[in-house]
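Text of query.cif, listed as mmCIF, N, CA and C atoms:
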```cif
data_query
#
loop_
_atom_site.label_atom_id
_atom_site.label_comp_id
_atom_site.auth_asym_id
_atom_site.auth_seq_id
_atom_site.Cartn_x
_atom_site.Cartn_y
_atom_site.Cartn_z
N MET A 28 332.13 20.47 127.83
CA MET A 28 331.71 19.08 127.83
C MET A 28 332.91 18.16 127.59
N ASN A 29 333.81 18.52 126.69
CA ASN A 29 334.98 17.71 126.40
C ASN A 29 335.87 17.57 127.63
N CYS A 30 335.98 18.63 128.44
CA CYS A 30 336.79 18.58 129.66
C CYS A 30 336.21 17.57 130.64
N VAL A 31 334.90 17.47 130.70
CA VAL A 31 334.25 16.52 131.60
C VAL A 31 334.57 15.09 131.14
N ALA A 32 334.53 14.84 129.84
CA ALA A 32 334.85 13.51 129.31
C ALA A 32 336.30 13.15 129.61
N LEU A 33 337.21 14.11 129.48
CA LEU A 33 338.62 13.87 129.77
C LEU A 33 338.83 13.58 131.25
N GLU A 34 338.14 14.32 132.10
CA GLU A 34 338.26 14.12 133.54
C GLU A 34 337.71 12.74 133.93
N CYS A 35 336.58 12.37 133.35
CA CYS A 35 336.00 11.05 133.62
C CYS A 35 336.95 9.95 133.16
N ARG A 36 337.55 10.14 131.99
CA ARG A 36 338.50 9.16 131.47
C ARG A 36 339.66 8.98 132.44
N ASP A 37 340.23 10.08 132.91
CA ASP A 37 341.37 10.01 133.82
C ASP A 37 340.98 9.35 135.14
N ASP A 38 339.81 9.70 135.68
CA ASP A 38 339.35 9.08 136.92
C ASP A 38 339.12 7.58 136.74
N LEU A 39 338.53 7.21 135.64
CA LEU A 39 338.25 5.80 135.35
C LEU A 39 339.54 5.02 135.20
N ARG A 40 340.50 5.58 134.46
CA ARG A 40 341.80 4.91 134.29
C ARG A 40 342.53 4.76 135.62
N GLU A 41 342.49 5.81 136.43
CA GLU A 41 343.17 5.75 137.71
C GLU A 41 342.55 4.68 138.61
N THR A 42 341.24 4.63 138.67
CA THR A 42 340.55 3.62 139.47
C THR A 42 340.88 2.23 138.96
N ALA A 43 340.83 2.04 137.65
CA ALA A 43 341.14 0.74 137.06
C ALA A 43 342.59 0.35 137.33
N ALA A 44 343.51 1.29 137.24
CA ALA A 44 344.93 1.00 137.48
C ALA A 44 345.18 0.62 138.93
N VAL A 45 344.52 1.30 139.86
CA VAL A 45 344.69 0.97 141.28
C VAL A 45 344.14 -0.42 141.57
N LEU A 46 342.94 -0.73 141.08
CA LEU A 46 342.37 -2.07 141.29
C LEU A 46 343.26 -3.13 140.65
N ASP A 47 343.80 -2.84 139.47
CA ASP A 47 344.67 -3.80 138.81
C ASP A 47 345.94 -4.03 139.63
N ALA A 48 346.52 -2.97 140.16
CA ALA A 48 347.74 -3.11 140.98
C ALA A 48 347.45 -3.95 142.21
N LEU A 49 346.32 -3.72 142.84
CA LEU A 49 345.95 -4.53 144.01
C LEU A 49 345.76 -5.99 143.60
N ALA A 50 345.11 -6.22 142.47
CA ALA A 50 344.89 -7.59 142.00
C ALA A 50 346.22 -8.26 141.67
N LEU A 51 347.16 -7.53 141.10
CA LEU A 51 348.47 -8.10 140.78
C LEU A 51 349.21 -8.52 142.05
N CYS A 52 349.00 -7.81 143.13
CA CYS A 52 349.64 -8.15 144.41
C CYS A 52 349.15 -9.50 144.94
N HIS A 53 347.99 -9.93 144.49
CA HIS A 53 347.41 -11.19 144.96
C HIS A 53 347.67 -12.34 143.99
N GLY A 54 348.51 -12.11 142.99
CA GLY A 54 348.88 -13.17 142.06
C GLY A 54 347.87 -13.39 140.96
N ALA A 55 348.20 -14.36 140.12
CA ALA A 55 347.36 -14.68 138.97
C ALA A 55 346.28 -15.67 139.40
N GLY A 56 345.27 -15.78 138.57
CA GLY A 56 344.20 -16.72 138.86
C GLY A 56 342.98 -16.42 138.03
N GLY A 57 341.88 -17.02 138.41
CA GLY A 57 340.66 -16.90 137.63
C GLY A 57 339.80 -15.71 138.01
N TYR A 58 338.65 -15.68 137.39
CA TYR A 58 337.68 -14.61 137.58
C TYR A 58 336.33 -15.23 137.92
N LEU A 59 335.47 -14.44 138.53
CA LEU A 59 334.10 -14.88 138.78
C LEU A 59 333.33 -14.85 137.47
N PRO A 60 332.42 -15.78 137.29
CA PRO A 60 331.59 -15.74 136.08
C PRO A 60 330.62 -14.57 136.16
N ARG A 61 330.19 -14.08 135.03
CA ARG A 61 329.17 -13.03 134.99
C ARG A 61 327.99 -13.55 134.21
N PRO A 62 326.80 -13.45 134.68
CA PRO A 62 326.44 -12.91 135.98
C PRO A 62 326.81 -13.90 137.08
N TYR A 63 327.12 -13.35 138.24
CA TYR A 63 327.55 -14.16 139.37
C TYR A 63 326.43 -14.21 140.40
N GLN A 64 326.16 -15.39 140.87
CA GLN A 64 325.15 -15.58 141.91
C GLN A 64 325.87 -16.11 143.15
N GLU A 65 325.88 -15.31 144.22
CA GLU A 65 326.56 -15.74 145.44
C GLU A 65 325.75 -16.83 146.13
N VAL A 66 326.47 -17.82 146.64
CA VAL A 66 325.85 -18.92 147.37
C VAL A 66 326.00 -18.61 148.86
N ALA A 67 324.90 -18.69 149.60
CA ALA A 67 324.93 -18.40 151.04
C ALA A 67 325.98 -19.26 151.73
N GLY A 68 326.81 -18.60 152.53
CA GLY A 68 327.83 -19.31 153.28
C GLY A 68 329.09 -19.63 152.51
N GLN A 69 329.12 -19.29 151.21
CA GLN A 69 330.29 -19.56 150.38
C GLN A 69 330.70 -18.29 149.63
N PRO A 70 331.25 -17.32 150.34
CA PRO A 70 331.65 -16.09 149.64
C PRO A 70 332.82 -16.38 148.69
N PRO A 71 332.93 -15.62 147.63
CA PRO A 71 334.04 -15.84 146.70
C PRO A 71 335.37 -15.49 147.37
N ALA A 72 336.43 -16.09 146.90
CA ALA A 72 337.76 -15.78 147.42
C ALA A 72 338.08 -14.32 147.11
N PRO A 73 338.66 -13.60 148.08
CA PRO A 73 338.93 -12.17 147.88
C PRO A 73 339.80 -11.88 146.65
N ASP A 74 340.79 -12.73 146.35
CA ASP A 74 341.65 -12.47 145.20
C ASP A 74 340.88 -12.61 143.89
N VAL A 75 339.99 -13.58 143.82
CA VAL A 75 339.18 -13.78 142.61
C VAL A 75 338.21 -12.61 142.44
N GLU A 76 337.61 -12.19 143.54
CA GLU A 76 336.69 -11.06 143.49
C GLU A 76 337.41 -9.78 143.08
N LEU A 77 338.63 -9.58 143.59
CA LEU A 77 339.42 -8.39 143.26
C LEU A 77 339.81 -8.38 141.78
N ARG A 78 340.25 -9.53 141.25
CA ARG A 78 340.60 -9.61 139.83
C ARG A 78 339.38 -9.33 138.96
N THR A 79 338.23 -9.86 139.39
CA THR A 79 337.00 -9.65 138.63
C THR A 79 336.62 -8.17 138.63
N ASP A 80 336.68 -7.54 139.79
CA ASP A 80 336.37 -6.11 139.87
C ASP A 80 337.35 -5.29 139.04
N ALA A 81 338.63 -5.65 139.09
CA ALA A 81 339.65 -4.92 138.30
C ALA A 81 339.34 -5.02 136.82
N SER A 82 338.95 -6.20 136.36
CA SER A 82 338.64 -6.34 134.93
C SER A 82 337.34 -5.65 134.56
N ASP A 83 336.37 -5.63 135.47
CA ASP A 83 335.11 -4.93 135.20
C ASP A 83 335.34 -3.42 135.01
N VAL A 84 336.15 -2.83 135.88
CA VAL A 84 336.43 -1.39 135.77
C VAL A 84 337.30 -1.13 134.54
N ALA A 85 338.26 -2.02 134.28
CA ALA A 85 339.10 -1.86 133.08
C ALA A 85 338.24 -1.93 131.82
N ASP A 86 337.24 -2.79 131.82
CA ASP A 86 336.34 -2.89 130.67
C ASP A 86 335.59 -1.57 130.46
N GLN A 87 335.18 -0.92 131.54
CA GLN A 87 334.51 0.37 131.40
C GLN A 87 335.46 1.42 130.81
N ALA A 88 336.74 1.36 131.19
CA ALA A 88 337.73 2.28 130.62
C ALA A 88 337.90 2.00 129.13
N VAL A 89 337.94 0.74 128.74
CA VAL A 89 338.04 0.37 127.32
C VAL A 89 336.84 0.91 126.56
N ARG A 90 335.65 0.71 127.10
CA ARG A 90 334.43 1.20 126.43
C ARG A 90 334.46 2.72 126.29
N HIS A 91 334.91 3.41 127.34
CA HIS A 91 335.00 4.87 127.29
C HIS A 91 335.99 5.30 126.20
N ASP A 92 337.16 4.67 126.17
CA ASP A 92 338.17 5.04 125.19
C ASP A 92 337.71 4.74 123.77
N ARG A 93 336.98 3.66 123.58
CA ARG A 93 336.44 3.36 122.24
C ARG A 93 335.41 4.42 121.83
N ARG A 94 334.54 4.78 122.75
CA ARG A 94 333.48 5.74 122.46
C ARG A 94 334.05 7.12 122.12
N HIS A 95 335.13 7.51 122.82
CA HIS A 95 335.67 8.86 122.67
C HIS A 95 336.99 8.89 121.92
N SER A 96 337.41 7.78 121.34
CA SER A 96 338.70 7.69 120.63
C SER A 96 339.81 8.29 121.48
N ALA A 97 339.94 7.79 122.71
CA ALA A 97 340.82 8.43 123.68
C ALA A 97 342.04 7.60 124.06
N SER A 98 342.37 6.57 123.30
CA SER A 98 343.52 5.73 123.64
C SER A 98 344.83 6.46 123.38
N LYS A 99 345.73 6.41 124.35
CA LYS A 99 347.05 7.00 124.19
C LYS A 99 348.00 6.03 123.51
N THR A 100 347.82 4.73 123.74
CA THR A 100 348.74 3.73 123.21
C THR A 100 348.28 3.14 121.88
N GLY A 101 346.99 3.20 121.60
CA GLY A 101 346.46 2.64 120.37
C GLY A 101 346.27 1.14 120.42
N ASP A 102 346.56 0.51 121.55
CA ASP A 102 346.42 -0.94 121.69
C ASP A 102 345.10 -1.30 122.34
N LEU A 103 344.02 -0.80 121.81
CA LEU A 103 342.70 -0.94 122.41
C LEU A 103 342.13 -2.34 122.16
N PRO A 104 341.94 -3.13 123.23
CA PRO A 104 341.35 -4.46 123.04
C PRO A 104 339.84 -4.34 122.87
N PRO A 105 339.20 -5.41 122.44
CA PRO A 105 337.74 -5.36 122.37
C PRO A 105 337.14 -5.27 123.77
N ALA A 106 336.00 -4.63 123.87
CA ALA A 106 335.27 -4.59 125.14
C ALA A 106 334.76 -5.99 125.44
N LEU A 107 334.55 -6.28 126.72
CA LEU A 107 334.07 -7.59 127.10
C LEU A 107 332.61 -7.76 126.69
N GLU A 108 332.34 -8.86 126.04
CA GLU A 108 330.97 -9.19 125.61
C GLU A 108 330.59 -10.52 126.25
N ASP A 109 329.37 -10.95 126.04
CA ASP A 109 328.93 -12.25 126.57
C ASP A 109 329.88 -13.34 126.10
N GLY A 110 330.21 -14.25 127.00
CA GLY A 110 331.07 -15.36 126.65
C GLY A 110 332.56 -15.03 126.69
N TYR A 111 332.92 -13.90 127.31
CA TYR A 111 334.33 -13.51 127.37
C TYR A 111 335.13 -14.51 128.18
N THR A 112 336.43 -14.52 127.93
CA THR A 112 337.33 -15.47 128.59
C THR A 112 338.23 -14.74 129.59
N GLY A 113 338.94 -15.52 130.38
CA GLY A 113 339.92 -14.96 131.29
C GLY A 113 341.00 -14.20 130.53
N THR A 114 341.36 -14.69 129.36
CA THR A 114 342.36 -14.02 128.54
C THR A 114 341.87 -12.64 128.10
N GLN A 115 340.60 -12.53 127.76
CA GLN A 115 340.04 -11.23 127.38
C GLN A 115 339.99 -10.30 128.59
N ARG A 116 339.68 -10.84 129.75
CA ARG A 116 339.68 -10.03 130.98
C ARG A 116 341.10 -9.55 131.27
N ASP A 117 342.08 -10.44 131.09
CA ASP A 117 343.48 -10.04 131.28
C ASP A 117 343.86 -8.93 130.31
N ALA A 118 343.38 -9.02 129.07
CA ALA A 118 343.73 -8.03 128.04
C ALA A 118 343.24 -6.63 128.39
N VAL A 119 342.03 -6.51 128.94
CA VAL A 119 341.54 -5.18 129.29
C VAL A 119 342.33 -4.61 130.46
N ARG A 120 342.76 -5.50 131.38
CA ARG A 120 343.59 -5.03 132.50
C ARG A 120 344.96 -4.57 132.01
N VAL A 121 345.56 -5.32 131.10
CA VAL A 121 346.87 -4.92 130.54
C VAL A 121 346.73 -3.59 129.81
N TYR A 122 345.65 -3.42 129.06
CA TYR A 122 345.43 -2.16 128.35
C TYR A 122 345.41 -0.98 129.32
N VAL A 123 344.63 -1.10 130.39
CA VAL A 123 344.53 0.00 131.36
C VAL A 123 345.89 0.28 132.00
N ARG A 124 346.62 -0.77 132.29
CA ARG A 124 347.95 -0.62 132.88
C ARG A 124 348.85 0.19 131.94
N CYS A 125 348.85 -0.15 130.65
CA CYS A 125 349.67 0.57 129.67
C CYS A 125 349.20 2.01 129.49
N GLU A 126 347.89 2.22 129.48
CA GLU A 126 347.35 3.58 129.37
C GLU A 126 347.76 4.42 130.58
N TRP A 127 347.70 3.83 131.76
CA TRP A 127 348.07 4.54 132.98
C TRP A 127 349.54 4.94 132.91
N LEU A 128 350.39 4.01 132.50
CA LEU A 128 351.83 4.30 132.39
C LEU A 128 352.09 5.40 131.36
N ALA A 129 351.37 5.37 130.26
CA ALA A 129 351.51 6.40 129.23
C ALA A 129 351.09 7.77 129.77
N THR A 130 350.03 7.79 130.56
CA THR A 130 349.57 9.04 131.18
C THR A 130 350.61 9.58 132.14
N GLN A 131 351.18 8.69 132.95
CA GLN A 131 352.20 9.11 133.92
C GLN A 131 353.45 9.61 133.22
N ALA A 132 353.84 8.98 132.12
CA ALA A 132 355.01 9.43 131.36
C ALA A 132 354.74 10.80 130.75
N GLU A 133 353.51 11.03 130.31
CA GLU A 133 353.13 12.32 129.75
C GLU A 133 353.26 13.42 130.80
N PHE A 134 352.78 13.14 132.02
CA PHE A 134 352.90 14.11 133.11
C PHE A 134 354.35 14.38 133.47
N ALA A 135 355.16 13.34 133.44
CA ALA A 135 356.59 13.49 133.79
C ALA A 135 357.32 14.35 132.76
N ASP A 136 356.89 14.27 131.50
CA ASP A 136 357.52 15.05 130.43
C ASP A 136 357.16 16.52 130.50
N ASN A 137 356.04 16.84 131.14
CA ASN A 137 355.58 18.24 131.19
C ASN A 137 356.12 18.97 132.37
#
```
Take the structure from the file and write it as structure tokens.
Amino acid sequence: MNCVALECRDDLRETAAVLDALALCHGAGGYLPRPYQEVAGQPPAPDVELRTDASDVADQAVRHDRRHSASKTGDLPPALEDGYTGTQRDAVRVYVRCEWLATQAEFADN
């Protein structure tokens, strides 16, 4: 069972890191509000949607690491709750980025 949790953690971090890297390529900016209601004929800007998705997946990685005490860096931000800000969304993305880099450094050392 522990191996499954570790595998899920690694998959979640990898997905979050890839989405974050894609979002970084599109520059800085805002996020969609949650819950988001799409307006017909007015789709959200792709960069805003990508940043929002990156932070949503990063938040799931934060929640997983909190639940399983699985942080490699120890810099675990709070999970996103109602009323979260763009700064909090940025923090979960930065956390996943640092965790991903720590994982890659660990693999390089082995």
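Of the residues listed (A:Leu59, A:Val89, A:Val66, A:Ala132), A:Val89 shows the shortest atom-to-atom separation from Leu39 (chain A); distances use only C-alpha atoms.
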Point (338.8, -8.9, 137.0), cut-off 7 Å, counting all atoms listed in the file, residues as a PyMOL selection string | chain A and resi 57-59+75-84+116-117
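Considering the residues A:Ala97, A:Val45, A:Leu107, A:Ala85 and counting only N, CA and C atoms, Val121 (chain A) has its shortest atom-to-atom contact with A:Ala85.
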Go ahead and find all residues with at least one atom no further than 12 Å from (338.4, 4.6, 126.0) in the file's coordinates, using only C-alpha atoms; report them as number ranges by chain.
-> A: 32-33, 35-40, 84-106, 119, 122-123, 126-127
Which of A:Thr130, A:Arg61, A:Glu34, A:Ala67 sits closest to Gly113 (chain A) [using only C-alpha atoms] =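 Answer, going by the shortest atom-to-atom distance: A:Arg61.
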Find the distance between atom N of Pro73 (chain A) and atom C of Leu51 (chain A) and write it in Å to one decimal.
->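 These two atoms are separated by 13.2 Å.
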Pairwise distance for CA of Arg124 (chain A) and atom N of Ala44 (chain A), rounded to one decimal in Å |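 Separating CA of Arg124 (chain A) from atom N of Ala44 (chain A) is a distance of 6.5 Å.
Take CA of Gly56 (chain A) and CA of Thr112 (chain A): the distance between them is 12.4 Å.
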DSSP helix (DSSP H, G or I) selection over region 28-87 of chain A, as a ChimeraX atom specification | /A:29-52,73-87
Residues as selected, N, CA and C atoms, written as a short mmCIF file (atom, residue, chain, number, x, y, z; two decimals), keeping the file's coordinate frame, can you do that?
```cif
data_model
loop_
_atom_site.label_atom_id
_atom_site.label_comp_id
_atom_site.auth_asym_id
_atom_site.auth_seq_id
_atom_site.Cartn_x
_atom_site.Cartn_y
_atom_site.Cartn_z
N ASN A 29 333.81 18.52 126.69
CA ASN A 29 334.98 17.71 126.40
C ASN A 29 335.87 17.57 127.63
N CYS A 30 335.98 18.63 128.44
CA CYS A 30 336.79 18.58 129.66
C CYS A 30 336.21 17.57 130.64
N VAL A 31 334.90 17.47 130.70
CA VAL A 31 334.25 16.52 131.60
C VAL A 31 334.57 15.09 131.14
N ALA A 32 334.53 14.84 129.84
CA ALA A 32 334.85 13.51 129.31
C ALA A 32 336.30 13.15 129.61
N LEU A 33 337.21 14.11 129.48
CA LEU A 33 338.62 13.87 129.77
C LEU A 33 338.83 13.58 131.25
N GLU A 34 338.14 14.32 132.10
CA GLU A 34 338.26 14.12 133.54
C GLU A 34 337.71 12.74 133.93
N CYS A 35 336.58 12.37 133.35
CA CYS A 35 336.00 11.05 133.62
C CYS A 35 336.95 9.95 133.16
N ARG A 36 337.55 10.14 131.99
CA ARG A 36 338.50 9.16 131.47
C ARG A 36 339.66 8.98 132.44
N ASP A 37 340.23 10.08 132.91
CA ASP A 37 341.37 10.01 133.82
C ASP A 37 340.98 9.35 135.14
N ASP A 38 339.81 9.70 135.68
CA ASP A 38 339.35 9.08 136.92
C ASP A 38 339.12 7.58 136.74
N LEU A 39 338.53 7.21 135.64
CA LEU A 39 338.25 5.80 135.35
C LEU A 39 339.54 5.02 135.20
N ARG A 40 340.50 5.58 134.46
CA ARG A 40 341.80 4.91 134.29
C ARG A 40 342.53 4.76 135.62
N GLU A 41 342.49 5.81 136.43
CA GLU A 41 343.17 5.75 137.71
C GLU A 41 342.55 4.68 138.61
N THR A 42 341.24 4.63 138.67
CA THR A 42 340.55 3.62 139.47
C THR A 42 340.88 2.23 138.96
N ALA A 43 340.83 2.04 137.65
CA ALA A 43 341.14 0.74 137.06
C ALA A 43 342.59 0.35 137.33
N ALA A 44 343.51 1.29 137.24
CA ALA A 44 344.93 1.00 137.48
C ALA A 44 345.18 0.62 138.93
N VAL A 45 344.52 1.30 139.86
CA VAL A 45 344.69 0.97 141.28
C VAL A 45 344.14 -0.42 141.57
N LEU A 46 342.94 -0.73 141.08
CA LEU A 46 342.37 -2.07 141.29
C LEU A 46 343.26 -3.13 140.65
N ASP A 47 343.80 -2.84 139.47
CA ASP A 47 344.67 -3.80 138.81
C ASP A 47 345.94 -4.03 139.63
N ALA A 48 346.52 -2.97 140.16
CA ALA A 48 347.74 -3.11 140.98
C ALA A 48 347.45 -3.95 142.21
N LEU A 49 346.32 -3.72 142.84
CA LEU A 49 345.95 -4.53 144.01
C LEU A 49 345.76 -5.99 143.60
N ALA A 50 345.11 -6.22 142.47
CA ALA A 50 344.89 -7.59 142.00
C ALA A 50 346.22 -8.26 141.67
N LEU A 51 347.16 -7.53 141.10
CA LEU A 51 348.47 -8.10 140.78
C LEU A 51 349.21 -8.52 142.05
N CYS A 52 349.00 -7.81 143.13
CA CYS A 52 349.64 -8.15 144.41
C CYS A 52 349.15 -9.50 144.94
N PRO A 73 338.66 -13.60 148.08
CA PRO A 73 338.93 -12.17 147.88
C PRO A 73 339.80 -11.88 146.65
N ASP A 74 340.79 -12.73 146.35
CA ASP A 74 341.65 -12.47 145.20
C ASP A 74 340.88 -12.61 143.89
N VAL A 75 339.99 -13.58 143.82
CA VAL A 75 339.18 -13.78 142.61
C VAL A 75 338.21 -12.61 142.44
N GLU A 76 337.61 -12.19 143.54
CA GLU A 76 336.69 -11.06 143.49
C GLU A 76 337.41 -9.78 143.08
N LEU A 77 338.63 -9.58 143.59
CA LEU A 77 339.42 -8.39 143.26
C LEU A 77 339.81 -8.38 141.78
N ARG A 78 340.25 -9.53 141.25
CA ARG A 78 340.60 -9.61 139.83
C ARG A 78 339.38 -9.33 138.96
N THR A 79 338.23 -9.86 139.39
CA THR A 79 337.00 -9.65 138.63
C THR A 79 336.62 -8.17 138.63
N ASP A 80 336.68 -7.54 139.79
CA ASP A 80 336.37 -6.11 139.87
C ASP A 80 337.35 -5.29 139.04
N ALA A 81 338.63 -5.65 139.09
CA ALA A 81 339.65 -4.92 138.30
C ALA A 81 339.34 -5.02 136.82
N SER A 82 338.95 -6.20 136.36
CA SER A 82 338.64 -6.34 134.93
C SER A 82 337.34 -5.65 134.56
N ASP A 83 336.37 -5.63 135.47
CA ASP A 83 335.11 -4.93 135.20
C ASP A 83 335.34 -3.42 135.01
N VAL A 84 336.15 -2.83 135.88
CA VAL A 84 336.43 -1.39 135.77
C VAL A 84 337.30 -1.13 134.54
N ALA A 85 338.26 -2.02 134.28
CA ALA A 85 339.10 -1.86 133.08
C ALA A 85 338.24 -1.93 131.82
N ASP A 86 337.24 -2.79 131.82
CA ASP A 86 336.34 -2.89 130.67
C ASP A 86 335.59 -1.57 130.46
N GLN A 87 335.18 -0.92 131.54
CA GLN A 87 334.51 0.37 131.40
C GLN A 87 335.46 1.42 130.81
#
```
Pick from A:Thr42, A:Asp136, A:Cys125, A:Asp74, whichever lies nearest to Gly54 (chain A) using only N, CA and C atoms |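 Of A:Thr42, A:Asp136, A:Cys125, A:Asp74, the one nearest Gly54 (chain A) is A:Asp74, counting only N, CA and C atoms.
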